[in-house]
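Below is the file model04.txt, which contains compact mmCIF, C-alpha atoms.
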```txt
# COMPACT_ATOMS: atom_id res chain seq x y z
CA MET A 186 20.14 -6.96 -58.11
CA THR A 187 16.80 -6.33 -56.49
CA THR A 188 16.10 -3.36 -54.28
CA LYS A 189 14.08 -3.67 -51.11
CA LYS A 190 10.78 -1.88 -51.13
CA LYS A 191 10.86 1.01 -48.70
CA ARG A 192 8.41 0.52 -45.83
CA HIS A 193 6.14 3.48 -45.21
CA ILE A 194 5.59 4.36 -41.56
CA THR A 195 1.96 5.17 -40.93
CA SER A 196 2.24 6.23 -37.29
CA LEU A 197 4.80 7.44 -34.79
CA ALA A 198 4.31 4.28 -32.74
CA ALA A 199 5.13 2.12 -35.73
CA GLY A 200 8.39 3.97 -36.25
CA ARG A 201 9.67 3.62 -32.70
CA PRO A 202 12.38 1.11 -31.87
CA PRO A 203 11.14 -2.04 -30.08
CA THR A 204 12.39 -0.83 -26.68
CA ALA A 205 10.14 2.23 -26.91
CA ARG A 206 6.96 0.34 -27.72
CA LYS A 207 4.15 0.27 -25.20
CA PRO A 208 4.59 -2.79 -22.97
CA LYS A 209 2.17 -5.61 -23.60
CA SER A 210 -0.55 -6.30 -21.09
CA ILE A 211 0.21 -9.08 -18.64
CA SER A 212 -2.45 -11.75 -18.27
CA ARG A 213 -4.34 -11.98 -15.00
CA LYS A 214 -2.74 -15.33 -14.16
CA ALA A 215 0.77 -14.11 -15.01
CA THR A 216 0.21 -10.96 -12.94
CA LYS A 217 -0.75 -12.97 -9.85
CA THR A 218 2.12 -15.45 -10.34
CA LEU A 219 4.70 -12.67 -10.72
CA ILE A 220 3.51 -10.71 -7.68
CA ASN A 221 3.41 -13.83 -5.49
CA ALA A 222 6.88 -14.95 -6.63
CA HIS A 223 8.28 -11.49 -5.96
CA HIS A 224 6.83 -11.44 -2.44
CA VAL A 225 8.28 -14.87 -1.63
CA LEU A 226 11.75 -13.92 -2.87
CA GLU A 227 11.75 -10.60 -1.03
CA LYS A 228 10.80 -12.39 2.19
CA LYS A 229 13.61 -14.93 1.73
CA LYS A 230 16.04 -12.10 1.00
CA ALA A 231 15.05 -10.29 4.21
CA GLN A 232 15.59 -13.51 6.15
CA ALA A 233 19.03 -13.95 4.57
CA ILE A 234 19.98 -10.38 5.51
CA ALA A 235 18.76 -10.92 9.08
CA ARG A 236 21.00 -13.96 9.55
CA GLY A 237 23.96 -12.34 7.77
CA ASP A 238 24.01 -14.82 4.87
CA ARG A 239 25.51 -12.65 2.14
CA ALA A 240 25.77 -15.49 -0.38
CA ALA A 241 22.06 -16.29 -0.09
CA GLU A 242 21.23 -12.59 -0.30
CA ILE A 243 23.16 -12.23 -3.58
CA ALA A 244 21.56 -15.37 -5.00
CA LEU A 245 18.08 -14.11 -4.15
CA GLU A 246 18.82 -10.69 -5.63
CA SER A 247 19.74 -12.52 -8.83
CA GLU A 248 16.45 -14.43 -8.78
CA ILE A 249 14.50 -11.20 -8.26
CA GLY A 250 16.41 -9.65 -11.15
CA ALA A 251 15.57 -12.62 -13.36
CA LEU A 252 11.89 -11.92 -12.73
CA GLY A 253 12.40 -8.37 -13.95
CA GLY A 254 13.10 -6.70 -10.62
CA ILE A 255 10.94 -4.07 -8.96
CA GLU A 256 10.08 -2.52 -12.35
CA LYS A 257 8.33 -5.71 -13.55
CA TYR A 258 6.62 -6.07 -10.18
CA GLN A 259 5.25 -2.54 -10.45
CA LEU A 260 4.07 -3.17 -14.00
CA ALA A 261 2.17 -6.20 -12.72
CA SER A 262 0.68 -4.10 -9.92
CA LEU A 263 -0.40 -1.42 -12.40
CA GLN A 264 -2.05 -4.08 -14.54
CA GLY A 265 -4.00 -5.13 -11.47
CA GLN A 266 -5.31 -1.57 -11.10
CA ARG A 267 -6.85 -1.50 -14.58
CA LEU A 268 -10.62 -1.03 -14.60
CA ASP A 269 -11.15 -4.33 -16.39
CA ARG A 270 -9.46 -6.05 -13.43
CA GLY A 271 -11.37 -4.33 -10.66
CA GLY A 272 -9.87 -0.86 -10.84
CA ASP A 273 -7.84 1.05 -8.28
CA SER A 274 -8.49 0.47 -4.59
CA SER A 275 -8.93 4.16 -3.77
CA ARG A 276 -12.39 4.02 -5.40
CA ILE A 277 -13.58 2.20 -2.28
CA LEU A 278 -12.36 5.00 -0.03
CA MET A 279 -14.12 7.55 -2.22
CA GLU A 280 -17.34 5.52 -2.11
CA TRP A 281 -17.25 5.61 1.68
CA LEU A 282 -16.58 9.36 1.79
CA ASN A 283 -19.14 10.23 -0.90
CA SER A 284 -21.83 8.15 0.81
CA THR A 285 -21.86 10.74 3.60
CA GLY A 286 -22.25 13.61 1.14
CA LEU A 287 -18.61 14.63 1.40
CA THR A 288 -17.56 16.20 -1.90
CA ALA A 289 -15.01 18.71 -3.08
CA SER A 290 -16.03 22.30 -2.45
CA PRO A 291 -14.24 25.63 -2.97
CA LYS A 292 -15.41 26.57 0.54
CA HIS A 293 -13.30 23.84 2.15
CA THR A 294 -9.55 23.52 2.38
CA ARG A 295 -8.31 20.38 0.72
CA LEU A 296 -7.36 17.55 3.02
CA LYS A 297 -3.77 16.31 2.95
CA MET A 298 -3.13 12.71 1.92
CA LEU A 299 0.12 10.75 1.96
CA GLU A 300 -0.07 7.85 -0.48
CA VAL A 301 2.62 5.28 0.30
CA GLY A 302 3.51 2.89 -2.50
CA ALA A 303 1.88 5.09 -5.13
CA LEU A 304 1.80 3.68 -8.65
CA SER A 305 -0.26 6.33 -10.44
CA THR A 306 -1.12 10.01 -10.18
CA LYS A 307 -4.57 9.44 -11.69
CA ASN A 308 -6.45 7.31 -9.19
CA ALA A 309 -9.85 8.14 -7.72
CA CYS A 310 -8.50 10.09 -4.74
CA SER A 311 -6.29 12.21 -6.96
CA ALA A 312 -9.20 13.01 -9.26
CA SER A 313 -11.70 13.74 -6.47
CA GLY A 314 -10.63 17.30 -5.68
CA LEU A 315 -10.86 16.47 -1.96
CA PHE A 316 -7.17 15.95 -1.42
CA ASP A 317 -3.77 17.45 -1.91
CA VAL A 318 -1.92 14.19 -2.43
CA GLU A 319 1.75 13.59 -1.73
CA ARG A 320 2.84 10.33 -3.34
CA ILE A 321 5.90 8.27 -2.49
CA ASP A 322 7.25 4.91 -3.60
CA LEU A 323 10.46 2.93 -3.19
CA ASN A 324 10.98 2.92 -6.95
CA SER A 325 9.05 5.77 -8.56
CA GLN A 326 7.89 5.04 -12.10
CA SER A 327 6.11 8.32 -12.75
CA ASP A 328 6.47 12.07 -12.47
CA GLY A 329 4.55 13.26 -9.43
CA ILE A 330 5.69 10.31 -7.30
CA LEU A 331 8.65 10.95 -5.01
CA GLN A 332 11.14 8.09 -4.72
CA GLN A 333 11.29 7.58 -0.98
CA ASP A 334 11.21 4.88 1.68
CA PHE A 335 8.38 5.63 4.11
CA MET A 336 10.41 4.12 6.94
CA LYS A 337 13.22 6.61 6.25
CA ARG A 338 11.05 9.64 5.55
CA PRO A 339 12.08 12.62 7.72
CA LEU A 340 9.71 13.10 10.63
CA PRO A 341 7.38 16.12 10.52
CA LYS A 342 8.69 19.24 12.21
CA ASP A 343 5.19 20.39 13.15
CA ASP A 344 1.52 19.77 12.39
CA SER A 345 1.72 21.61 9.07
CA GLU A 346 3.81 18.70 7.76
CA ARG A 347 1.38 16.04 8.97
CA PHE A 348 -1.50 14.49 7.03
CA ASP A 349 -5.22 14.01 7.45
CA ILE A 350 -5.04 10.54 5.94
CA ILE A 351 -2.39 8.00 4.94
CA SER A 352 -2.98 5.34 2.30
CA LEU A 353 -1.27 1.95 2.62
CA SER A 354 -2.86 0.10 -0.28
CA LEU A 355 -1.20 -3.30 -0.79
CA VAL A 356 1.87 -1.98 1.00
CA LEU A 357 1.89 -3.64 4.43
CA ASN A 358 1.83 -7.13 2.91
CA PHE A 359 4.93 -6.28 0.87
CA VAL A 360 6.98 -5.60 4.02
CA PRO A 361 8.96 -8.85 4.28
CA ASP A 362 8.73 -9.52 8.03
CA ALA A 363 6.15 -9.26 10.79
CA LEU A 364 8.17 -6.91 13.01
CA GLY A 365 8.65 -4.54 10.08
CA ARG A 366 4.89 -4.47 9.48
CA GLY A 367 4.29 -3.54 13.10
CA ALA A 368 6.93 -0.81 12.86
CA MET A 369 5.26 0.58 9.74
CA LEU A 370 1.85 0.78 11.43
CA LEU A 371 3.39 2.46 14.46
CA ARG A 372 5.21 4.94 12.23
CA THR A 373 1.95 6.09 10.60
CA LEU A 374 1.18 7.83 13.90
CA ASP A 375 4.17 10.15 13.43
CA PHE A 376 2.75 11.45 10.14
CA LEU A 377 -0.95 11.75 10.97
CA ARG A 378 -2.52 14.76 12.60
CA GLN A 379 -3.21 14.40 16.31
CA PRO A 380 -6.47 12.75 17.42
CA SER A 381 -7.40 16.02 19.14
CA MET A 382 -7.51 17.79 15.76
CA GLN A 383 -10.83 19.56 15.33
CA TYR A 384 -12.72 18.50 12.20
CA SER A 385 -16.17 19.48 11.00
CA SER A 386 -19.05 17.09 11.69
CA SER A 387 -18.83 15.71 8.15
CA LEU A 388 -15.15 14.87 8.55
CA ARG A 389 -14.60 13.77 12.12
CA HIS A 390 -15.86 10.21 11.53
CA PHE A 391 -13.12 9.61 8.94
CA PHE A 392 -10.12 11.77 9.87
CA PRO A 393 -7.35 11.62 10.85
CA GLY A 394 -7.36 8.20 9.23
CA LEU A 395 -5.47 5.31 7.74
CA PHE A 396 -6.76 3.66 4.56
CA MET A 397 -5.35 0.16 4.38
CA VAL A 398 -5.80 -2.55 1.76
CA LEU A 399 -4.53 -6.12 2.07
CA PRO A 400 -4.92 -9.32 0.08
CA ALA A 401 -7.93 -11.02 1.70
CA PRO A 402 -6.00 -14.21 2.62
CA CYS A 403 -3.74 -12.11 4.90
CA VAL A 404 -6.73 -11.86 7.22
CA SER A 405 -9.01 -14.74 6.20
CA ASN A 406 -6.47 -17.54 5.84
CA SER A 407 -3.43 -16.62 7.93
CA ARG A 408 -2.01 -18.83 10.63
CA TYR A 409 -1.22 -15.77 12.74
CA MET A 410 -3.87 -13.19 11.81
CA ASN A 411 -7.64 -12.83 11.80
CA GLU A 412 -10.08 -9.93 11.85
CA SER A 413 -10.32 -9.59 15.63
CA HIS A 414 -6.56 -9.88 16.12
CA LEU A 415 -5.91 -7.15 13.56
CA GLU A 416 -8.50 -4.92 15.19
CA SER A 417 -6.91 -5.49 18.59
CA ILE A 418 -3.49 -4.42 17.25
CA MET A 419 -4.95 -1.31 15.66
CA ASN A 420 -6.84 -0.42 18.83
CA VAL A 421 -3.68 -0.32 20.97
CA LEU A 422 -2.23 2.09 18.39
CA GLY A 423 -5.23 4.36 18.94
CA TYR A 424 -7.12 3.40 15.77
CA VAL A 425 -10.81 2.50 15.59
CA LYS A 426 -12.33 0.77 12.57
CA ALA A 427 -14.68 3.15 10.77
CA GLN A 428 -15.29 1.17 7.59
CA SER A 429 -14.36 -2.19 6.12
CA LYS A 430 -15.13 -4.23 3.04
CA ILE A 431 -14.10 -7.78 2.23
CA THR A 432 -14.10 -9.20 -1.27
CA GLN A 433 -12.84 -12.52 -2.57
CA LYS A 434 -9.41 -11.02 -3.27
CA LEU A 435 -8.99 -7.94 -1.08
CA VAL A 436 -9.91 -6.48 2.27
CA TYR A 437 -10.30 -2.71 2.66
CA TYR A 438 -10.20 -0.76 5.92
CA LEU A 439 -10.55 2.82 7.03
CA TRP A 440 -9.10 3.23 10.52
CA VAL A 441 -9.68 6.51 12.36
CA ARG A 442 -7.12 7.73 14.87
CA GLU A 443 -9.25 8.46 17.92
CA SER A 444 -6.63 8.45 20.66
CA ASP A 445 -2.92 8.27 21.31
CA ALA A 446 -1.24 4.87 21.25
CA GLN A 447 -1.47 2.86 24.44
CA SER A 448 1.36 3.63 26.87
CA PRO A 449 3.16 1.47 27.65
CA LEU A 450 2.55 -0.14 24.28
CA ALA A 451 1.42 -3.74 24.54
CA ALA A 452 3.56 -6.36 22.82
CA TYR A 453 1.95 -8.52 20.13
CA ARG A 454 3.86 -11.65 19.19
CA LYS A 455 3.30 -14.33 16.58
CA VAL A 456 0.62 -16.59 18.03
CA GLU A 457 -1.04 -19.37 16.07
CA LEU A 458 -4.72 -18.54 15.65
CA ARG A 459 -5.53 -21.11 12.97
CA SER A 460 -3.94 -24.47 12.29
CA GLY A 461 -3.61 -26.28 8.99
CA HIS A 462 -1.09 -26.78 6.22
CA SER A 463 -2.97 -24.51 3.79
CA ARG A 464 -2.53 -21.39 5.93
CA ASN A 465 -0.21 -18.52 5.02
CA ASN A 466 2.17 -16.93 7.53
CA PHE A 467 1.10 -13.27 7.35
CA ALA A 468 1.58 -11.65 10.75
CA VAL A 469 2.07 -8.29 12.45
CA VAL A 470 4.32 -8.03 15.48
CA LEU A 471 4.53 -5.11 17.90
CA SER A 472 7.61 -5.20 20.10
CA GLY A 473 5.89 -3.14 22.79
CA SER A 474 7.45 -0.60 25.13
CA SER A 475 8.19 -0.24 28.81
CA GLY A 476 6.48 3.14 29.01
```

Could you show the structure in this file as structure tokens?
Amino acid sequence: MTTKKKRHITSLAAGRPPTARKPKSISRKATKTLINAHHVLEKKKAQAIARGDRAAEIALESEIGALGGIEKYQLASLQGQRLDRGGDSSRILMEWLNSTGLTASPKHTRLKMLEVGALSTKNACSASGLFDVERIDLNSQSDGILQQDFMKRPLPKDDSERFDIISLSLVLNFVPDALGRGAMLLRTLDFLRQPSMQYSSSLRHFFPGLFMVLPAPCVSNSRYMNESHLESIMNVLGYVKAQSKITQKLVYYLWVRESDAQSPLAAYRKVELRSGHSRNNFAVVLSGSSG
């Protein structure tokens, strides 16, 4: 009878069970495919819920689960933030702020940032020293990120609970319907400091502000959205565009809250701005108000 040769473990990683091993990197193509598929299924699920089709909702939940659920989606999103794939989007915000000479200083109180849809506690904003960052996400995957739905977050009791800047990086496009996206943009006003807030000369051109990142096709190839239409929507909410950058894949904006929202709030419906079969259906709808 032969005896099996005992295998010597040369590292802790080698001795871990397979479920504890570091997940393999997802290829760029697989990352994009997974994220797109997840968005499509979430949109269909929201539509099923809206029409009360419970059977379709359950079937779509099963399809989302088969893709790996929100955990696999977040892993794909984290892969997209790796430096070898362009890095995290908050670097662009820091480039804009640093270009004006704004840097961390012990003489200045840190600014308050609310990062919605946070995936990491180690991005450029977190490392800058400029901000005290509060991070939230629907499905937190890390210590330091509160599991919370921004749309259900308790409203601030006073200005001490409001923020100088809110980050919505690749968040708005994940909201499954146009009315929900409009509601999210409107809700940012509840959590930002008032436009009358007094900032120093080095800060007032950026704060209180909203940093927003979208996939470029949401603006450049949508049937219902373009640059001027988005700017018009933001303007009625009291935002003015301070900075923007468009790349092949992403569009980055810094919107500064310069006034209160228009009252009564104008309604923005889905209106076709571009025709063609190759267009996507990204849209933002504001239901408006009667004043």

Q: For atom CA of A:Ser305 and atom CA of A:Phe359, quote the distance in Å rounded to one decimal.
A: 17.7 Å

Q: Compile the contact shell of A:Phe316 as a list in words: residues with an atom at most 6 Å away, counting all atoms listed in the file, same-chain residues fewer than 5 positions apart removed.
A: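 The neighbour list is Arg295, Leu296 and Lys297 of chain A.
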
Write a file of the selected residues as a PDB file, keeping the file's coordinate frame, keeping C-alpha atoms.
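Output contents, as saved in result35.pdb:
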```pdb
ATOM      1  CA  ARG A 295      -8.310  20.380   0.720  1.00  0.00           C
ATOM      2  CA  LEU A 296      -7.360  17.550   3.020  1.00  0.00           C
ATOM      3  CA  LYS A 297      -3.770  16.310   2.950  1.00  0.00           C
TER       4      LYS A 297
END
```

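Within 9 Å of A:Gly365, once only C-alpha atoms are used and residues closer than 4 positions along the same chain are dropped, the contacting residues are Leu357, Val360, Pro361, Met369, Leu370, Val469, Val470 and Leu471 of chain A.
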
Requested write-out: C-alpha atoms of the selected residues, as an mmCIF file, in the frame of the given file:
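Result file is selection-v8.cif:
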```cif
data_model
loop_
_atom_site.group_PDB
_atom_site.id
_atom_site.type_symbol
_atom_site.label_atom_id
_atom_site.label_comp_id
_atom_site.auth_asym_id
_atom_site.auth_seq_id
_atom_site.Cartn_x
_atom_site.Cartn_y
_atom_site.Cartn_z
ATOM 1 C CA LEU A 357 1.890 -3.640 4.430
ATOM 2 C CA VAL A 360 6.980 -5.600 4.020
ATOM 3 C CA PRO A 361 8.960 -8.850 4.280
ATOM 4 C CA MET A 369 5.260 0.580 9.740
ATOM 5 C CA LEU A 370 1.850 0.780 11.430
ATOM 6 C CA VAL A 469 2.070 -8.290 12.450
ATOM 7 C CA VAL A 470 4.320 -8.030 15.480
ATOM 8 C CA LEU A 471 4.530 -5.110 17.900
#
```

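Shell of stretch 389-391 of chain A at 9 Å, with all atoms listed in the file counted and residues fewer than 2 places along the chain excluded, is Leu282, Ile350, Met382, Gln383, Tyr384, Ser385, Ser386, Ser387, Pro393, Gly394, Leu395, Ala427, Gln428, Leu439, Trp440, Val441 and Arg442 of chain A.
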
I need the chosen residues saved as a PDB file, in the frame of the given file, with C-alpha atoms.
```
ATOM      1  CA  LEU A 282     -16.580   9.360   1.790  1.00  0.00           C
ATOM      2  CA  ILE A 350      -5.040  10.540   5.940  1.00  0.00           C
ATOM      3  CA  MET A 382      -7.510  17.790  15.760  1.00  0.00           C
ATOM      4  CA  GLN A 383     -10.830  19.560  15.330  1.00  0.00           C
ATOM      5  CA  TYR A 384     -12.720  18.500  12.200  1.00  0.00           C
ATOM      6  CA  SER A 385     -16.170  19.480  11.000  1.00  0.00           C
ATOM      7  CA  SER A 386     -19.050  17.090  11.690  1.00  0.00           C
ATOM      8  CA  SER A 387     -18.830  15.710   8.150  1.00  0.00           C
ATOM      9  CA  PRO A 393      -7.350  11.620  10.850  1.00  0.00           C
ATOM     10  CA  GLY A 394      -7.360   8.200   9.230  1.00  0.00           C
ATOM     11  CA  LEU A 395      -5.470   5.310   7.740  1.00  0.00           C
ATOM     12  CA  ALA A 427     -14.680   3.150  10.770  1.00  0.00           C
ATOM     13  CA  GLN A 428     -15.290   1.170   7.590  1.00  0.00           C
ATOM     14  CA  LEU A 439     -10.550   2.820   7.030  1.00  0.00           C
ATOM     15  CA  TRP A 440      -9.100   3.230  10.520  1.00  0.00           C
ATOM     16  CA  VAL A 441      -9.680   6.510  12.360  1.00  0.00           C
ATOM     17  CA  ARG A 442      -7.120   7.730  14.870  1.00  0.00           C
TER      18      ARG A 442
END
```

Q. Given the choices A:Ser325, A:Ser381, A:Ser354, A:Asn308, which gets closest to A:Val436 if the distance is worked out from only C-alpha atoms?
A.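 So, comparing all the options, the nearest one is A:Ser354.
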
**Q.** Protein, DNA and RNA residues within 12 Å of (12.3, 6.1, 0.2), only C-alpha atoms, as a list in words
**A.**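 All residues meeting the 12 Å criterion around (12.3, 6.1, 0.2) are Val301, Gly302, Ala303, Arg320, Ile321, Asp322, Leu323, Asn324, Ser325, Ile330, Leu331, Gln332, Gln333, Asp334, Phe335, Met336, Lys337, Arg338 and Pro339 of chain A.
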
Q. What gap, in Å, lies between atom CA of A:Asn406 and atom CA of A:Ala241?
A.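 Taking atom CA of A:Asn406 and atom CA of A:Ala241, their separation equals 29.2 Å.
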
Q: Could you tell me which of A:Pro402, A:Pro380, A:Gly473, A:Gly367 comes closest to A:Phe348 if we count only C-alpha atoms?
A: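 Nearest candidate to A:Phe348 out of A:Pro402, A:Pro380, A:Gly473, A:Gly367: A:Pro380.
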
Q: For each of A:Met419, A:Met410, A:Leu435, A:Ala233, take the minimum atom-to-atom distance to A:Glu457, counting all atoms listed in the file, then give the residue where this is smallest.
A: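 Checking each candidate against A:Glu457, we get A:Met410 as the closest.
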
Q: Find the spatial neighbours of A:Val398, counting only C-alpha atoms, within a cut-off of 10 Å - ignore same-chain residues fewer than 6 positions away - and output them as a ChimeraX atom specification.
A: /A:274-275,277,352-358,429-431,435-439

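Our summary of the geometry notes that atom CA of A:Lys230 is positioned 8.5 Å from atom CA of A:Ile243.
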
Q: Counting all atoms listed in the file, figure out which residue out of A:Ala312, A:Ile234, A:Leu371, A:Ala468 gets nearest to A:Leu415.
A: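 Using all atoms listed in the file, the shortest distance to A:Leu415 belongs to A:Ala468.
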
Q. Taking into account all atoms listed in the file, which residue in the set A:Asn466, A:Ser444, A:Ser413, A:Ser284 is nearest to A:Ala363?
A.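 Of the candidates, the smallest distance to A:Ala363 is held by A:Asn466.
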
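Of the listed residues (A:Thr285, A:Ser407, A:Thr306, A:Ser290), A:Thr306 comes nearest to A:Asp273; the distances count all atoms listed in the file.
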